[in-house]
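Heads up, the thing below is written out as structure tokens.
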Amino acid sequence: MLRLGIAVCAVVALALGQGFTFTIGNPVASQDFQAKSAAFVFRTEGCADPAKSQIGGTAEGVVKGARRSISLKVVATSRPGVYAVYQNWPGEGDWVVNLKGTCANASAGAVVPIGPKGFVRESAKFFPRAATDAEIETSLKAIAQGGSK
Amino acid sequence: MTMFTRHVSRQLGALLDGELAEQEARRVETHVAQCASCRGEREQVQLGMEILRRLPPVEAPDAIWVGIEAALEEHRSRRVWAIRWWRLAFAASLILALAGGTYWSVRRGAGQWIETDSVSSITLKVGQIGSVEIAPNTRLRVVTARPGEHRLALARGEIRAKISAPPRLFFVDTASGTAVDLGCEYTLNTDEDGLGLLRVTKGWVSFQWKGLESLVPAGAMCRTQPHIGPGIPCFEDAPESLKKALETNSLDTILAEARVRDTLTLWHLLSRVAVEDRARVYDRIASLTPVPTGVTREQALKLDPETLRRWKDELAWTW
């Protein structure tokens, strides 16, 4: 009986985790004028209580051959579950934004390449967990090779 | 050829502005070529103009503006102000010594016209909410200048607005409609016939005319026409074939070439195409991105306002 209970809990937890994701977009999607200068905005989906979600991330980049990591500036907008990412990384070099979040027992992650004209939606990668270092490095290499611009 | 015995210092500014008659300009040029003193003075004026162009804009104290205004008074026309760079260069040289390398920005009250010539541009402060860069050959009027509303009327030329304020505080009227700021940076260009082009670089702008509205987000542009109002917005990186099809009203091509992101264009088209074509536009949007819950085909084809609003809010995540 105990094993059955654990199995049921595991299935429920897994089911909850599969629903938690990020969607990224142009600042206009936030409908919040204060986000107009954001690099991009994103929303969480599949989180029963967005107010209790934990959201953060880093900007990961390579500048003149040197690897850099900067804590991300993420600001909640006036709409629940919608956040704005403001550029606080240098304009030079190759950069990706590494987003990560949790909601209850669920996690989500995304790696969003940044091109000369802003975020590159088509090359963004989404995960049911925080992105691994290898996945971040893969995205950075793709930018360097011109694959995400 | 007549040889000047007097120096031509007083004609140098007009020469550099291209304001001398052809014959007079040739005489002045000839003298400058043969007079080291005047040649040196011309170089100084040119240097002052170049420095001024490269300086970052910072608001100048009101007291300085009073002095500049007095110097310009003799050339001010009845309703139109033409700002001369060379005069400002001399006045600004005093400012540089005091303020460490800045150039001025101006304030204008309601009802006043501003006009720039072919080489001049100025920055107009919009209360406490932003600024408007006025390009050469531009004519505009300050309609309203109060905390709850700042409104300009652009007769011709180009402006670049940078506004950091809650939406619907800054408006620009043109012959083909009104640009309503929703928190943004944009460039608005209009010619003598009222044909215009709006390009948004940050935030988004609503362009309105007699109940017709186009929402233009960052990265998108929208043409405007007098008596017709705002056109259909499209992204700057949209396929050229799609942009051209918008100009020629070729719906088949627009639908065929539209990407997911171009649902911005398609959503606006939905309410502007003929009734018999609405279903095609709806179906194309639905094929590009899932229709959200609460949006039905029936209500969308009826152009139900709440349905269209809800659909736009969701589509915006693909723009």
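Numbering starts fresh at 1 for the residues of each chain in the structure tokens, the chains themselves are lettered A, B, ... in the order given, and ligands are numbered from 1 as they appear.
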Inset, instruction - Could you please write out, as a ChimeraX atom specification, every residue of chain A that DSSP assigns to strand (DSSP E)? - result: /A:21-25,40-45,54-63,66-71,73-76,82-86,94-103,106-115,118-119,125-127
Inset, instruction - Write out as a PyMOL selection string which residues come within 8 Å of stretch 87-96 of chain A when counting only C-alpha atoms, dropping same-chain ones fewer than 4 positions away. - result: chain A and resi 38-39+59-64+70+72-73+111-115+136+139-140+143-144
Inset, instruction - Identify every residue of chain A that has at least one atom within 8 Å of any atom of chain B, counting only C-alpha atoms, and report the result as a list in words. - result: Thr23, Ile24, Gly25, Asn26, Pro27, Val28, Ala29, Phe33, Gln34, Ala35, Lys36 and Ser37 of chain A
Residues of the last selection are to be written out with C-alpha atoms, as a compact mmCIF listing (two decimals), in the first residue's frame.
# COMPACT_ATOMS: atom_id res chain seq x y z
CA THR A 23 6.17 31.40 -23.59
CA ILE A 24 8.29 34.30 -24.84
CA GLY A 25 7.16 37.34 -26.82
CA ASN A 26 7.54 40.91 -27.98
CA PRO A 27 7.00 43.47 -25.18
CA VAL A 28 3.64 44.37 -26.74
CA ALA A 29 2.33 41.01 -25.55
CA PHE A 33 3.68 50.11 -21.09
CA GLN A 34 6.38 49.84 -18.46
CA ALA A 35 7.74 46.84 -20.33
CA LYS A 36 8.23 48.75 -23.54
CA SER A 37 12.01 48.87 -23.13
Inset, instruction - Pull the helix (DSSP H, G or I) assignments for stretch 181-294 of chain B out of DSSP run on the backbone, and list those residues as a PyMOL selection string. - result: chain B and resi 240-248+251-257+263-270+275-288
Inset, instruction - Tell me, in Å to one decimal, how far atom CA of B:Ala220 is from atom CA of A:Tyr86. - result: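 Interatomic distance here is 20.2 Å.
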Inset, instruction - Can you pull out every residue within 8 Å of B:Leu288, counting only C-alpha atoms, but drop anything in the same chain fewer than 5 positions away, and send it as an NGL selection string? - result: :B and (259-260 or 263)
Inset, instruction - Compile the contact shell of B:Gly211 as a ChimeraX atom specification: residues with an atom at most 12 Å away, counting only C-alpha atoms, same-chain residues fewer than 2 positions apart removed. - result: /B:177-178,206-209,213-214,228-230
Inset, instruction - Would you work out the distance separating atom CA of A:Ala131 from atom CA of B:Asp237, expressed in Å to one decimal? - result: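 Answer for the atom CA of A:Ala131 to atom CA of B:Asp237 separation: 29.6 Å.
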Inset, instruction - Extract, using only C-alpha atoms, all DNA, RNA and protein residues at most 7 Å from A:Thr102, discarding same-chain residues fewer than 5 positions from it, and format them as a list in words. - result: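 Once the adjacent positions are removed, what remains is Ser53, Gln54, Ile55, Ser107 and Ala108 of chain A.
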Inset, instruction - Just the residues within 10 Å of B:Leu251, please, counting only C-alpha atoms, with nothing from its chain fewer than 5 positions along; format it as a list in words. - result: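 The residues that qualify are Leu242, Ala245, Leu246, Ala256, Glu257, Leu266, Leu269, Val273, Asp277, Arg280 and Val281 of chain B.
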Would you save the residues from that selection as an mmCIF file, in the first residue's frame, using N, CA and C atoms?
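Saved file selection34.cif follows:
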data_model
loop_
_atom_site.group_PDB
_atom_site.id
_atom_site.type_symbol
_atom_site.label_atom_id
_atom_site.label_comp_id
_atom_site.auth_asym_id
_atom_site.auth_seq_id
_atom_site.Cartn_x
_atom_site.Cartn_y
_atom_site.Cartn_z
ATOM 1 N N LEU B 242 5.236 39.874 -49.385
ATOM 2 C CA LEU B 242 4.063 40.207 -48.572
ATOM 3 C C LEU B 242 3.878 41.715 -48.485
ATOM 4 N N ALA B 245 2.504 42.903 -51.663
ATOM 5 C CA ALA B 245 1.115 42.476 -51.811
ATOM 6 C C ALA B 245 0.182 43.377 -50.993
ATOM 7 N N LEU B 246 0.671 43.890 -49.878
ATOM 8 C CA LEU B 246 -0.140 44.820 -49.086
ATOM 9 C C LEU B 246 -0.401 46.101 -49.873
ATOM 10 N N ALA B 256 -0.615 33.622 -48.624
ATOM 11 C CA ALA B 256 0.364 32.586 -48.940
ATOM 12 C C ALA B 256 1.713 32.863 -48.290
ATOM 13 N N GLU B 257 2.084 34.122 -48.210
ATOM 14 C CA GLU B 257 3.421 34.480 -47.735
ATOM 15 C C GLU B 257 3.500 34.707 -46.223
ATOM 16 N N LEU B 266 -2.416 39.817 -40.562
ATOM 17 C CA LEU B 266 -3.655 39.098 -40.854
ATOM 18 C C LEU B 266 -4.789 39.506 -39.908
ATOM 19 N N LEU B 269 -6.173 42.601 -41.083
ATOM 20 C CA LEU B 269 -6.886 42.396 -42.349
ATOM 21 C C LEU B 269 -8.302 41.866 -42.123
ATOM 22 N N VAL B 273 -11.032 43.327 -44.907
ATOM 23 C CA VAL B 273 -11.280 42.705 -46.210
ATOM 24 C C VAL B 273 -12.789 42.611 -46.444
ATOM 25 N N ASP B 277 -14.283 37.428 -47.969
ATOM 26 C CA ASP B 277 -12.881 37.008 -47.807
ATOM 27 C C ASP B 277 -12.492 36.773 -46.352
ATOM 28 N N ARG B 280 -11.353 33.245 -45.325
ATOM 29 C CA ARG B 280 -10.015 32.863 -45.787
ATOM 30 C C ARG B 280 -8.958 33.387 -44.833
ATOM 31 N N VAL B 281 -9.134 34.636 -44.382
ATOM 32 C CA VAL B 281 -8.163 35.211 -43.458
ATOM 33 C C VAL B 281 -8.203 34.466 -42.128
#
Inset, instruction - Please measure the separation of atom CA of A:Asp133 and atom CA of A:Ala51, giving the value in Å to one decimal. - result: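 Answer for the atom CA of A:Asp133 to atom CA of A:Ala51 separation: 28.0 Å.
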